[in-house]
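Heads up, work-v6.cif below (mmCIF, C-alpha atoms):
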data_target
loop_
_atom_site.group_PDB
_atom_site.id
_atom_site.type_symbol
_atom_site.label_atom_id
_atom_site.label_comp_id
_atom_site.auth_asym_id
_atom_site.auth_seq_id
_atom_site.Cartn_x
_atom_site.Cartn_y
_atom_site.Cartn_z
ATOM 1 C CA HIS X 242 127.040 194.117 -61.620
ATOM 2 C CA TYR X 243 130.804 194.349 -62.126
ATOM 3 C CA PRO X 244 132.202 190.812 -61.960
ATOM 4 C CA ASP X 245 135.737 191.770 -63.024
ATOM 5 C CA ALA X 246 136.007 194.926 -60.924
ATOM 6 C CA LYS X 247 137.991 195.237 -57.735
ATOM 7 C CA LEU X 248 135.699 197.029 -55.282
ATOM 8 C CA PHE X 249 136.723 199.110 -52.281
ATOM 9 C CA MET X 250 134.619 200.491 -49.462
ATOM 10 C CA LEU X 251 135.816 203.639 -47.740
ATOM 11 C CA MET X 252 135.041 204.093 -44.057
ATOM 12 C CA GLY X 253 136.331 205.691 -40.921
ATOM 13 C CA SER X 254 137.811 203.531 -38.192
ATOM 14 C CA ASP X 255 134.868 204.522 -35.985
ATOM 15 C CA VAL X 256 132.597 202.462 -38.258
ATOM 16 C CA VAL X 257 134.651 199.259 -38.110
ATOM 17 C CA GLY X 258 133.317 198.397 -34.661
ATOM 18 C CA THR X 259 129.727 198.532 -35.924
ATOM 19 C CA LEU X 260 130.188 196.113 -38.830
ATOM 20 C CA SER X 261 129.448 192.808 -37.148
ATOM 21 C CA GLY X 262 126.536 194.063 -35.083
ATOM 22 C CA ARG X 263 124.520 196.157 -37.508
ATOM 23 C CA TRP X 264 125.381 195.223 -41.072
ATOM 24 C CA PRO X 265 123.009 192.692 -42.632
ATOM 25 C CA GLY X 266 124.669 190.767 -45.437
ATOM 26 C CA LEU X 267 128.113 191.418 -43.986
ATOM 27 C CA THR X 268 129.546 188.080 -45.108
ATOM 28 C CA GLU X 269 128.545 188.749 -48.708
ATOM 29 C CA LEU X 270 130.042 192.236 -48.493
ATOM 30 C CA LEU X 271 133.314 190.809 -47.148
ATOM 31 C CA GLU X 272 133.488 188.460 -50.114
ATOM 32 C CA HIS X 273 133.328 191.314 -52.624
ATOM 33 C CA VAL X 274 135.143 194.345 -51.239
ATOM 34 C CA GLU X 275 138.377 195.490 -49.663
ATOM 35 C CA PHE X 276 137.951 198.061 -46.928
ATOM 36 C CA ILE X 277 139.957 201.269 -46.919
ATOM 37 C CA VAL X 278 139.848 202.423 -43.309
ATOM 38 C CA GLY X 279 140.757 206.000 -42.456
ATOM 39 C CA LEU X 280 141.964 206.460 -38.902
ATOM 40 C CA ARG X 281 139.787 208.709 -36.774
ATOM 41 C CA ASN X 282 140.316 210.238 -33.372
ATOM 42 C CA SER X 283 142.877 208.234 -31.382
ATOM 43 C CA ASP X 284 142.333 204.934 -33.236
ATOM 44 C CA THR X 285 145.452 203.072 -34.318
ATOM 45 C CA PRO X 286 146.175 200.555 -37.080
ATOM 46 C CA ALA X 287 146.529 197.873 -34.394
ATOM 47 C CA MET X 288 143.039 198.623 -33.065
ATOM 48 C CA VAL X 289 141.570 198.377 -36.569
ATOM 49 C CA ALA X 290 143.411 195.101 -37.216
ATOM 50 C CA GLU X 291 142.092 193.655 -33.945
ATOM 51 C CA LYS X 292 138.509 194.535 -34.882
ATOM 52 C CA MET X 293 138.947 193.051 -38.361
ATOM 53 C CA ILE X 294 140.297 189.825 -36.850
ATOM 54 C CA GLU X 295 137.204 189.651 -34.628
ATOM 55 C CA ILE X 296 134.992 190.081 -37.700
ATOM 56 C CA THR X 297 136.910 187.359 -39.545
ATOM 57 C CA ARG X 298 136.394 184.974 -36.610
ATOM 58 C CA ALA X 299 132.701 185.831 -36.263
ATOM 59 C CA THR X 300 131.887 185.504 -39.962
ATOM 60 C CA LYS X 301 134.490 182.858 -40.858
ATOM 61 C CA THR X 302 135.268 185.088 -43.838
ATOM 62 C CA PRO X 303 138.642 186.804 -44.305
ATOM 63 C CA VAL X 304 138.507 190.587 -44.237
ATOM 64 C CA ALA X 305 140.676 192.438 -46.758
ATOM 65 C CA PHE X 306 141.512 195.903 -45.478
ATOM 66 C CA HIS X 307 144.012 198.720 -45.657
ATOM 67 C CA VAL X 308 144.484 201.420 -43.032
ATOM 68 C CA VAL X 309 145.264 204.982 -44.074
ATOM 69 C CA ASP X 310 146.031 208.058 -42.037
ATOM 70 C CA VAL X 311 143.463 210.759 -42.713
ATOM 71 C CA PRO X 312 144.611 214.157 -41.545
ATOM 72 C CA HIS X 313 141.796 216.476 -40.482
ATOM 73 C CA ALA X 314 139.260 213.636 -40.227
ATOM 74 C CA THR X 315 137.357 215.257 -37.398
ATOM 75 C CA VAL X 316 133.793 215.200 -38.690
ATOM 76 C CA ALA X 317 131.938 211.934 -39.262
ATOM 77 C CA ALA X 318 129.367 211.606 -42.036
ATOM 78 C CA THR X 319 126.829 210.446 -39.448
ATOM 79 C CA THR X 320 127.287 213.717 -37.592
ATOM 80 C CA ILE X 321 126.620 215.703 -40.756
ATOM 81 C CA ARG X 322 123.560 213.587 -41.631
ATOM 82 C CA MET X 323 122.119 214.133 -38.156
ATOM 83 C CA GLY X 324 122.493 217.878 -38.648
ATOM 84 C CA SER X 325 124.617 218.355 -35.559
ATOM 85 C CA HIS X 326 127.620 219.671 -37.470
ATOM 86 C CA GLU X 327 127.774 222.520 -39.932
ATOM 87 C CA VAL X 328 129.033 221.913 -43.464
ATOM 88 C CA SER X 329 130.920 225.193 -43.071
ATOM 89 C CA ASP X 330 133.186 223.462 -40.520
ATOM 90 C CA ILE X 331 134.470 221.069 -43.204
ATOM 91 C CA ASP X 332 137.248 221.609 -45.750
ATOM 92 C CA PRO X 333 135.807 224.126 -48.264
ATOM 93 C CA LEU X 334 136.292 221.817 -51.279
ATOM 94 C CA VAL X 335 134.481 219.000 -49.494
ATOM 95 C CA ALA X 336 131.707 221.343 -48.382
ATOM 96 C CA ASP X 337 131.265 222.555 -51.977
ATOM 97 C CA TYR X 338 131.004 218.969 -53.204
ATOM 98 C CA ILE X 339 128.444 218.103 -50.512
ATOM 99 C CA ARG X 340 126.328 221.122 -51.419
ATOM 100 C CA ALA X 341 126.638 220.572 -55.192
ATOM 101 C CA HIS X 342 125.467 216.959 -54.905
ATOM 102 C CA ASP X 343 122.954 217.409 -52.057
ATOM 103 C CA LEU X 344 124.800 214.886 -49.894
ATOM 104 C CA TYR X 345 123.789 214.424 -46.251
ATOM 105 C CA ILE X 346 121.454 217.392 -46.407
#

Since I need it in another form, could you write the structure as C-alpha cells?
Amino acid sequence: HYPDAKLFMLMGSDVVGTLSGRWPGLTELLEHVEFIVGLRNSDTPAMVAEKMIEITRATKTPVAFHVVDVPHATVAATTIRMGSHEVSDIDPLVADYIRAHDLYI
C-alpha cells in the first residue's frame, strides 16, 4: 500500500525467537520492514543478533533490525491479551491509551 514508505515493526526481544517457527509469510515481511527490537528481561543485543542471523540463514533473506533498551518493559502484550496481567500494573499513560482504544481487552 505504501511503496515509498520505510516500514518498521516494533517487538520485544522475547518475540524474536518465535519468528521463524510461527510467522507465515516471514520472508515477505523481512523484505519490507526493519525490526525495532526492545530488550526484555535479561536478553542482550548479542542474543538478538544471534537469533536474527539464524533467521537470515533459514530464510536466505537479510534481516534489518535495531536493538533498543526499553526501561520498565516488564509486561508483554501477550500477557495483557491473555488477561493474566492487570492494565493497572502498566505505566498510567500506556494504560490510558489501551483503555481509550480498547486494545488487548

Shortest contact to Leu271 in chain X, candidates X:Val257, X:Ala246, X:Ala336, X:Ala305, atoms counted only C-alpha atoms, goes to X:Ala305

Item to complete: Find the distance between CA of Thr285 in chain X and CA of Tyr338 in chain X and write it in Å to one decimal.
Response: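 Calculated distance between CA of Thr285 in chain X and CA of Tyr338 in chain X is 28.6 Å.
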
Q.
So that I can check the surroundings of range 278-284 of chain X, please list as a PyMOL selection string every protein, DNA and RNA residue that reaches within 6 Å of it, counting all atoms listed in the file and ignoring chain neighbours fewer than 2 positions away.
A. chain X and resi 252-254+276+308-311

Item to complete: Determine, counting only C-alpha atoms, which protein, DNA and RNA residues have an atom within 12 Å of an atom of Leu267 in chain X; residues of the same chain fewer than 2 positions away are not included. Present the result as an NGL selection string.
Response: :X and (257 or 259-265 or 269-274 or 296-297 or 299-304)

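In this model, the gap between CA of Lys292 in chain X and CA of Leu344 in chain X comes to 28.8 Å.
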
Report, in Å to a single decimal, how far apart CA of Glu275 in chain X and CA of Lys247 in chain X are.
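Computing the Euclidean distance for CA of Lys247 in chain X and CA of Glu275 in chain X yields 8.1 Å.
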
Exercise. From the set X:Pro286, X:Ile277, X:Arg298, X:Pro333, which residue has the shortest atom-to-atom contact distance to Met250 in chain X, counting only C-alpha atoms?
Worked result: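 Selected residue with least distance to Met250 in chain X: X:Ile277.
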